[in-house]
file input.txt (compact mmCIF, C-alpha atoms)
# COMPACT_ATOMS: atom_id res chain seq x y z
CA VAL A 1 8.14 -15.62 16.09
CA ILE A 2 4.84 -13.81 15.54
CA LEU A 3 2.78 -13.69 18.70
CA PRO A 4 -1.02 -13.65 18.80
CA PRO A 5 -2.59 -10.20 19.21
CA PRO A 6 -3.19 -8.90 22.75
CA ALA A 7 -6.50 -9.82 24.35
CA SER A 8 -7.54 -6.19 24.77
CA LEU A 9 -6.55 -2.85 23.38
CA ARG A 10 -7.05 0.71 24.51
CA VAL A 11 -8.33 2.42 21.41
CA PRO A 12 -7.91 6.16 20.86
CA THR A 13 -10.71 7.86 18.97
CA MET A 14 -10.07 9.65 15.70
CA SER A 15 -11.32 13.16 15.05
CA ASN A 16 -14.30 13.18 12.69
CA ASP A 17 -12.36 15.69 10.59
CA LEU A 18 -9.82 12.99 9.74
CA VAL A 19 -12.10 10.03 8.97
CA SER A 20 -12.62 11.10 5.36
CA LEU A 21 -8.87 11.65 4.88
CA ARG A 22 -8.18 8.13 6.11
CA SER A 23 -10.81 6.65 3.80
CA TYR A 24 -9.42 8.51 0.80
CA PHE A 25 -5.85 7.44 1.65
CA TYR A 26 -6.57 3.71 1.84
CA LEU A 27 -8.75 3.81 -1.26
CA GLY A 28 -5.98 5.48 -3.24
CA GLN A 29 -7.96 8.71 -3.69
CA TYR A 30 -4.89 10.91 -3.26
CA ASP A 31 -6.18 13.93 -5.18
CA ALA A 32 -9.25 13.89 -2.94
CA ILE A 33 -6.96 14.02 0.12
CA VAL A 34 -5.29 17.17 -1.17
CA LYS A 35 -8.68 18.82 -1.79
CA GLU A 36 -10.18 17.68 1.52
CA ALA A 37 -7.11 18.73 3.52
CA LYS A 38 -7.38 22.18 1.98
CA THR A 39 -11.10 22.35 2.71
CA LEU A 40 -10.54 21.42 6.36
CA GLY A 41 -8.01 24.21 6.77
CA THR A 42 -5.70 24.46 9.74
CA LEU A 43 -6.90 22.40 12.71
CA SER A 44 -5.50 22.32 16.23
CA GLY A 45 -2.82 20.34 18.06
CA ALA A 46 -2.41 16.66 17.26
CA THR A 47 -5.37 16.73 14.86
CA GLU A 48 -3.53 19.26 12.68
CA THR A 49 -0.40 17.10 12.69
CA SER A 50 -2.50 14.10 11.62
CA ARG A 51 -4.12 16.16 8.83
CA LEU A 52 -0.71 17.12 7.52
CA ALA A 53 0.55 13.54 7.90
CA TYR A 54 -2.19 12.18 5.60
CA LEU A 55 -1.58 15.05 3.17
CA TYR A 56 2.18 14.54 2.91
CA ARG A 57 1.89 10.74 2.82
CA ALA A 58 -0.41 11.21 -0.17
CA HIS A 59 2.15 13.48 -1.83
CA VAL A 60 4.86 10.84 -1.26
CA VAL A 61 2.71 8.17 -2.94
CA MET A 62 2.00 10.55 -5.84
CA GLY A 63 5.72 11.15 -6.24
CA ASN A 64 5.66 14.82 -5.22
CA HIS A 65 8.94 14.46 -3.35
CA SER A 66 10.20 17.98 -4.05
CA LEU A 67 7.06 19.45 -2.46
CA VAL A 68 7.55 17.29 0.64
CA ALA A 69 11.21 18.36 0.86
CA LYS A 70 10.26 22.01 0.51
CA GLU A 71 7.33 22.21 2.92
CA ILE A 72 8.64 20.05 5.80
CA ASN A 73 11.57 21.48 7.74
CA LYS A 74 13.47 21.09 11.01
CA ASN A 75 10.77 23.05 12.85
CA SER A 76 8.00 20.69 11.71
CA PRO A 77 6.67 18.00 14.10
CA THR A 78 8.97 14.98 14.23
CA VAL A 79 6.43 12.67 12.62
CA LEU A 80 6.30 14.94 9.56
CA GLN A 81 10.09 14.97 9.43
CA VAL A 82 9.96 11.16 9.32
CA ILE A 83 7.59 11.38 6.33
CA GLN A 84 10.20 13.59 4.68
CA LEU A 85 12.84 11.01 5.64
CA HIS A 86 10.76 8.31 3.94
CA SER A 87 10.43 10.50 0.85
CA THR A 88 14.20 11.03 0.83
CA TYR A 89 14.77 7.28 1.15
CA LEU A 90 12.60 6.56 -1.90
CA THR A 91 14.53 8.98 -4.12
CA SER A 92 18.12 8.52 -2.88
CA SER A 93 21.26 6.60 -3.74
CA GLU A 94 22.05 3.38 -1.86
CA GLU A 95 24.42 5.26 0.45
CA GLN A 96 21.82 7.88 1.28
CA LYS A 97 19.19 5.16 1.78
CA ALA A 98 21.43 3.56 4.39
CA MET A 99 21.83 6.91 6.16
CA ALA A 100 18.06 7.48 6.15
CA LEU A 101 17.47 4.03 7.67
CA GLU A 102 20.11 4.69 10.30
CA LYS A 103 18.30 7.90 11.25
CA LEU A 104 15.00 6.02 11.51
CA ASN A 105 16.66 3.38 13.71
CA GLU A 106 17.92 6.12 16.02
CA ILE A 107 14.43 7.59 16.43
CA VAL A 108 12.97 4.15 17.13
CA GLU A 109 15.68 3.26 19.64
CA ASP A 110 15.67 6.51 21.62
CA GLY A 111 11.97 6.07 22.37
CA SER A 112 11.17 9.75 21.88
CA MET A 113 8.20 8.91 19.66
CA ALA A 114 6.94 5.94 21.67
CA SER A 115 3.63 7.61 22.57
CA ASP A 116 2.93 8.97 19.09
CA LYS A 117 0.18 7.09 17.23
CA THR A 118 1.29 8.07 13.73
CA PHE A 119 5.06 7.58 13.93
CA PRO A 120 4.99 3.74 14.15
CA LEU A 121 2.92 3.67 10.96
CA ILE A 122 5.28 5.97 9.03
CA GLY A 123 8.32 4.12 10.35
CA ALA A 124 6.82 0.77 9.37
CA GLU A 125 6.07 2.01 5.85
CA MET A 126 9.69 3.08 5.50
CA TYR A 127 10.98 -0.26 6.80
CA LEU A 128 8.71 -2.05 4.32
CA ALA A 129 10.13 0.06 1.48
CA ALA A 130 13.54 -1.22 2.59
CA GLY A 131 12.32 -4.83 2.67
CA LYS A 132 12.57 -5.01 6.46
CA LYS A 133 9.27 -6.70 7.34
CA LYS A 134 10.42 -7.84 10.79
CA GLU A 135 11.31 -4.30 11.87
CA ALA A 136 8.06 -2.96 10.41
CA LEU A 137 5.94 -5.53 12.22
CA LYS A 138 7.76 -4.89 15.49
CA LEU A 139 6.75 -1.22 15.33
CA ILE A 140 3.04 -1.73 14.72
CA TYR A 141 2.07 -5.24 15.84
CA ASN A 142 0.51 -4.23 19.15
CA GLY A 143 -0.81 -0.99 17.70
CA SER A 144 -4.12 0.31 18.94
CA THR A 145 -5.23 2.30 15.87
CA LEU A 146 -7.08 1.01 12.84
CA ASP A 147 -4.23 2.29 10.65
CA MET A 148 -1.63 0.19 12.45
CA MET A 149 -3.90 -2.86 12.52
CA GLY A 150 -4.61 -2.53 8.80
CA LEU A 151 -0.93 -2.40 7.91
CA THR A 152 -0.24 -5.31 10.25
CA ILE A 153 -2.85 -7.37 8.40
CA GLN A 154 -1.20 -6.57 5.07
CA ILE A 155 2.17 -7.77 6.37
CA LEU A 156 0.70 -10.93 7.90
CA LEU A 157 -1.10 -11.83 4.68
CA GLY A 158 2.21 -11.45 2.86
CA GLU A 159 3.66 -13.98 5.28
CA ASP A 160 0.73 -16.38 4.76
CA ARG A 161 -0.54 -15.88 8.32
CA VAL A 162 -4.24 -15.56 7.56
CA ASP A 163 -5.03 -16.92 11.03
CA LEU A 164 -3.34 -14.01 12.81
CA ALA A 165 -4.73 -11.51 10.30
CA GLN A 166 -8.25 -12.72 11.10
CA GLN A 167 -7.66 -12.20 14.81
CA ILE A 168 -6.60 -8.61 14.23
CA LEU A 169 -9.58 -8.03 11.93
CA LYS A 170 -11.85 -9.02 14.82
CA LYS A 171 -10.27 -6.22 16.86
CA MET A 172 -10.89 -3.76 14.04
CA ILE A 173 -14.53 -4.83 13.83
CA GLN A 174 -14.90 -4.28 17.58
CA ILE A 175 -13.56 -0.75 17.18
CA GLU A 176 -15.50 0.31 14.07
CA GLU A 177 -17.05 -2.30 11.81
CA ASP A 178 -18.23 0.21 9.20
CA ASP A 179 -14.94 2.07 8.86
CA THR A 180 -13.54 2.01 5.32
CA LEU A 181 -10.23 0.51 6.46
CA THR A 182 -12.00 -2.26 8.41
CA GLN A 183 -14.01 -3.14 5.31
CA LEU A 184 -10.88 -3.15 3.15
CA ALA A 185 -9.01 -5.35 5.62
CA GLY A 186 -11.86 -7.85 5.54
CA ALA A 187 -11.77 -7.84 1.73
CA TRP A 188 -7.97 -8.41 1.68
CA ILE A 189 -8.40 -11.47 3.88
CA ASN A 190 -11.32 -12.77 1.80
CA VAL A 191 -9.29 -12.52 -1.41
CA VAL A 192 -6.43 -14.52 0.12
CA GLN A 193 -8.84 -17.16 1.43
CA GLY A 194 -10.33 -17.59 -2.04
CA GLY A 195 -13.39 -19.63 -2.96
CA ASN A 196 -16.74 -18.05 -2.10
CA LYS A 197 -14.93 -15.43 -0.05
CA VAL A 198 -13.78 -13.76 -3.29
CA SER A 199 -17.39 -12.85 -4.09
CA GLU A 200 -17.69 -11.17 -0.69
CA ALA A 201 -14.51 -9.21 -1.35
CA LEU A 202 -15.78 -8.15 -4.77
CA ASP A 203 -19.05 -6.93 -3.23
CA THR A 204 -17.07 -4.88 -0.69
CA TYR A 205 -14.88 -3.27 -3.33
CA GLN A 206 -17.83 -2.46 -5.56
CA ASP A 207 -19.78 -0.98 -2.63
CA LEU A 208 -16.80 1.25 -1.81
CA GLN A 209 -16.50 2.21 -5.48
CA GLU A 210 -20.15 3.24 -5.52
CA LYS A 211 -19.72 5.27 -2.33
CA PHE A 212 -16.38 6.96 -3.03
CA GLY A 213 -15.93 6.68 -6.77
CA SER A 214 -13.31 4.81 -8.77
CA SER A 215 -9.61 4.83 -8.02
CA ILE A 216 -6.73 2.97 -9.62
CA MET A 217 -6.31 0.98 -6.42
CA LEU A 218 -9.98 0.00 -6.23
CA LEU A 219 -10.15 -0.94 -9.91
CA ASN A 220 -7.12 -3.20 -9.51
CA SER A 221 -8.67 -4.80 -6.43
CA ILE A 222 -11.87 -5.48 -8.36
CA ALA A 223 -9.86 -6.91 -11.27
CA VAL A 224 -8.02 -9.32 -8.96
CA CYS A 225 -11.36 -10.68 -7.75
CA GLN A 226 -12.57 -11.05 -11.32
CA ILE A 227 -9.38 -12.89 -12.31
CA LYS A 228 -9.80 -15.24 -9.35
CA GLN A 229 -13.34 -15.94 -10.54
CA ALA A 230 -12.06 -16.60 -14.09
CA GLN A 231 -13.95 -13.55 -15.37
CA TYR A 232 -11.06 -12.54 -17.61
CA VAL A 233 -12.99 -10.40 -20.09
CA GLU A 234 -14.50 -8.39 -17.26
CA ALA A 235 -11.12 -8.12 -15.53
CA LEU A 236 -9.46 -6.85 -18.70
CA SER A 237 -12.17 -4.20 -19.03
CA THR A 238 -11.68 -3.14 -15.41
CA LEU A 239 -7.92 -2.89 -15.90
CA GLY A 240 -8.52 -0.83 -19.03
CA ALA A 241 -10.51 1.58 -16.86
CA ALA A 242 -7.56 1.73 -14.45
CA ARG A 243 -5.21 2.61 -17.32
CA ASP A 244 -7.63 5.26 -18.60
CA LEU A 245 -7.90 6.78 -15.13
CA ALA A 246 -4.11 6.99 -14.88
CA LEU A 247 -3.91 8.75 -18.25
CA LYS A 248 -6.73 11.11 -17.28
CA SER A 249 -4.99 12.06 -14.05
CA LYS A 250 -1.66 12.36 -15.90
CA THR A 251 0.08 9.75 -13.76
CA LYS A 252 2.09 6.67 -14.66
CA ILE A 253 0.22 3.43 -15.19
CA SER A 254 0.56 1.65 -11.85
CA PRO A 255 2.68 -1.51 -11.49
CA ASP A 256 -0.41 -3.36 -10.24
CA THR A 257 -2.25 -2.51 -13.45
CA TYR A 258 0.62 -3.82 -15.57
CA ILE A 259 1.03 -7.03 -13.56
CA ASN A 260 -2.68 -7.82 -13.35
CA THR A 261 -3.13 -7.15 -17.07
CA MET A 262 -0.29 -9.53 -17.96
CA ILE A 263 -1.71 -12.22 -15.69
CA CYS A 264 -5.13 -11.75 -17.24
CA LEU A 265 -3.74 -11.98 -20.79
CA GLN A 266 -1.84 -15.15 -19.89
CA HIS A 267 -5.05 -16.75 -18.63
CA MET A 268 -6.75 -15.71 -21.88
CA ARG A 269 -3.85 -17.33 -23.79
CA LYS A 270 -3.08 -14.18 -25.72
CA ALA A 271 -0.01 -13.97 -27.96
CA PRO A 272 3.31 -13.92 -26.05
CA GLU A 273 4.33 -10.89 -28.13
CA THR A 274 1.44 -8.89 -26.68
CA ILE A 275 2.43 -9.77 -23.13
CA GLN A 276 6.10 -9.04 -23.86
CA ARG A 277 5.24 -5.57 -25.15
CA LEU A 278 3.42 -4.84 -21.91
CA SER A 279 6.34 -6.20 -19.88
CA SER A 280 8.80 -3.99 -21.78
CA ASP A 281 6.61 -0.94 -21.23
CA PHE A 282 6.36 -1.80 -17.54
CA GLU A 283 10.14 -2.12 -17.27
CA LYS A 284 10.63 1.32 -18.87
CA ASN A 285 8.24 2.88 -16.34
CA SER A 286 9.43 0.99 -13.25
CA PRO A 287 12.86 -0.57 -13.92
CA ASN A 288 13.54 -1.30 -10.24
CA HIS A 289 10.15 -2.75 -9.33
CA PRO A 290 10.51 -6.05 -7.41
CA TRP A 291 8.42 -7.89 -10.03
CA ILE A 292 10.75 -6.77 -12.81
CA VAL A 293 13.85 -7.63 -10.75
CA LYS A 294 12.44 -11.08 -9.96
CA GLN A 295 11.59 -11.75 -13.62
CA LYS A 296 15.16 -10.90 -14.65
CA GLU A 297 16.57 -13.18 -11.96
CA MET A 298 14.36 -16.04 -13.15
CA LEU A 299 15.37 -15.53 -16.79
CA GLN A 300 19.05 -15.49 -15.79
CA ALA A 301 18.56 -18.71 -13.82
CA ILE A 302 16.91 -20.35 -16.84
CA GLU A 303 19.74 -19.29 -19.16
CA LYS A 304 22.29 -20.61 -16.67
CA SER A 305 20.48 -23.96 -16.51
CA LYS A 306 20.43 -24.18 -20.31
CA LYS A 307 24.19 -23.75 -20.44
CA THR A 308 24.66 -26.42 -17.76
CA TYR A 309 22.77 -29.04 -19.78
CA LYS A 310 24.29 -28.25 -23.19

call {"tool": "encode", "arguments": {"input": "input.txt", "output": "C-alpha cells"}}
result
Amino acid sequence: VILPPPASLRVPTMSNDLVSLRSYFYLGQYDAIVKEAKTLGTLSGATETSRLAYLYRAHVVMGNHSLVAKEINKNSPTVLQVIQLHSTYLTSSEEQKAMALEKLNEIVEDGSMASDKTFPLIGAEMYLAAGKKKEALKLIYNGSTLDMMGLTIQILLGEDRVDLAQQILKKMIQIEEDDTLTQLAGAWINVVQGGNKVSEALDTYQDLQEKFGSSIMLLNSIAVCQIKQAQYVEALSTLGAARDLALKSKTKISPDTYINTMICLQHMRKAPETIQRLSSDFEKNSPNHPWIVKQKEMLQAIEKSKKTYK
C-alpha cells in the first residue's frame, strides 16, 4: 500500500557548488558533469562525497564501469562503494547480481547509512535496475531531498499514481520551485496527464534546452511531447538530432531514441520493413533491454496462439 506523503518535511540545503551538477545529471548532460566536477576541484566533507557521487553516477550511466571499479576502493566513503556495487550489478552474471543485491540488503538492514541523504537514492536506483520497485520506493518515499522526491515521482508515475506524484511535486515546489529537477518533475507529470498539459511540458523542456543546451535525454523528452501532439514530422526531426548527438559524442544510440523513433514511424504509417530494420539494430545494441524482451515474449505468444488454432 502506498501511503500519502508526510504533511511536513525537514529539508536539508544543498551546497551551491552541487546545484549545477544535479541539473546536469537529471538533464543527461553527463560530459558536463565530468568537466564541472573537475572545475570544482576537491571540496570538503560531505560536499566532496556528494561531488564524487554525482561524478561516479554519471560514469555508471555512460558505461565507464572499469573507471568506477578502479577509482573507488574499500577506503572510499560507503555511499561511493554502493555506487561501485551498482556498477558491478549492471555488468555481472546472474549469480554475481544476486550477491550484489544481498550486499545492498545487508547495508539497508543494518541501518548504518540511515542518516545519509545520498545512499537511499543510490540504493533505490540499484533496486530499480533489479526490477524491485517496492524496495526502491521503501528507501526513498519519505525522503527529504529533491533527488529522492524526483525519483519517487518517477516510480509513482510508472505505477499510474499521478495523484500521489502531484502531492510530492507540491513539496518540491515548496522547497525550490525553480530548481531544474522540480521543473522536470512537473513536466513528467504533465506528459502523463496529457491534453493541454503536454504543451506545458514541451515549453518546460524547450526552456531547459535553451538554458543548458541539448542532450539526448532532453531531445527524447521533447519528441515524446511532439508525438503526443501528433507532430510526427517534428518529432522525427528531433529524434534525428538525438541520434546525431549520440554519434557526435561517440556513444550508442539510446534505447529511448530507438523506441520513440519506431513509435513515430508507426504513427506515420511507414513501411514495416523500415521499422523492422530499426528494431533489429536496436536489438543488436541492447539485446537485454526490457522492450526487446517484451517484444520477443509477445511474438512467442502470438506464434503459440497460431498453433493452437490451426

call {"tool": "closest_residue", "arguments": {"input": "input.txt", "among": "A:Tyr258, A:Lys270, A:Asp17, A:Leu247", "to": "Ser44 of chain A", "atoms": "all atoms listed in the file"}}
result
A:Asp17

call {"tool": "atom_distance", "arguments": {"input": "input.txt", "atom1": "atom CA of Leu121 of chain A", "atom2": "atom CA of Ile253 of chain A"}}
result
26.3 Å

call {"tool": "residues_around", "arguments": {"input": "input.txt", "residues": "Ile155 of chain A", "least_positions_apart": "3", "cutoff": "10 Å", "atoms": "only C-alpha atoms", "output": "PyMOL selection string"}}
result
chain A and resi 128+133-134+136-137+141+149-152+158-161+165

call {"tool": "closest_residue", "arguments": {"input": "input.txt", "among": "A:Ile140, A:Ile168, A:Ala37, A:Ala69", "to": "Tyr54 of chain A", "atoms": "only C-alpha atoms"}}
result
A:Ala37

call {"tool": "closest_residue", "arguments": {"input": "input.txt", "among": "A:Met262, A:Met148, A:Ala130, A:Ala32", "to": "Asp281 of chain A", "atoms": "all atoms listed in the file"}}
result
A:Met262

call {"tool": "residues_around", "arguments": {"input": "input.txt", "residues": "Glu102 of chain A", "least_positions_apart": "5", "cutoff": "12 Å", "atoms": "all atoms listed in the file", "output": "ChimeraX atom specification"}}
result
/A:85-86,89,95-97,107-109,123,126-127,130

call {"tool": "closest_residue", "arguments": {"input": "input.txt", "among": "A:Trp188, A:Tyr56, A:Tyr309, A:Tyr30", "to": "Ile216 of chain A", "atoms": "only C-alpha atoms"}}
result
A:Tyr30

call {"tool": "closest_residue", "arguments": {"input": "input.txt", "among": "A:Leu299, A:Ala46, A:Leu202, A:Ala246", "to": "Gln229 of chain A", "atoms": "only C-alpha atoms"}}
result
A:Leu202

call {"tool": "axis_aligned_box", "arguments": {"input": "input.txt", "around": "segment 119-132 of chain A", "padding_each_side": "3 Å", "output": "JSON"}}
result
{"center_x": 8.2, "center_y": 1.3, "center_z": 7.8, "size_x": 16.6, "size_y": 18.6, "size_z": 18.7}

call {"tool": "atom_distance", "arguments": {"input": "input.txt", "atom1": "atom CA of Tyr232 of chain A", "atom2": "atom CA of Thr261 of chain A"}}
result
9.6 Å

call {"tool": "atom_distance", "arguments": {"input": "input.txt", "atom1": "atom CA of Leu236 of chain A", "atom2": "atom CA of Gln154 of chain A"}}
result
25.2 Å

call {"tool": "closest_residue", "arguments": {"input": "input.txt", "among": "A:Ser144, A:Gln226, A:Asn285, A:Thr49", "to": "Leu18 of chain A", "atoms": "only C-alpha atoms"}}
result
A:Thr49

call {"tool": "residues_near_point", "arguments": {"input": "input.txt", "point": "(-8.4, 1.1, -12.6)", "cutoff": "7 Å", "atoms": "all atoms listed in the file", "output": "MDAnalysis selection string"}}
result
chainID A and resid 215:220 238:243 245
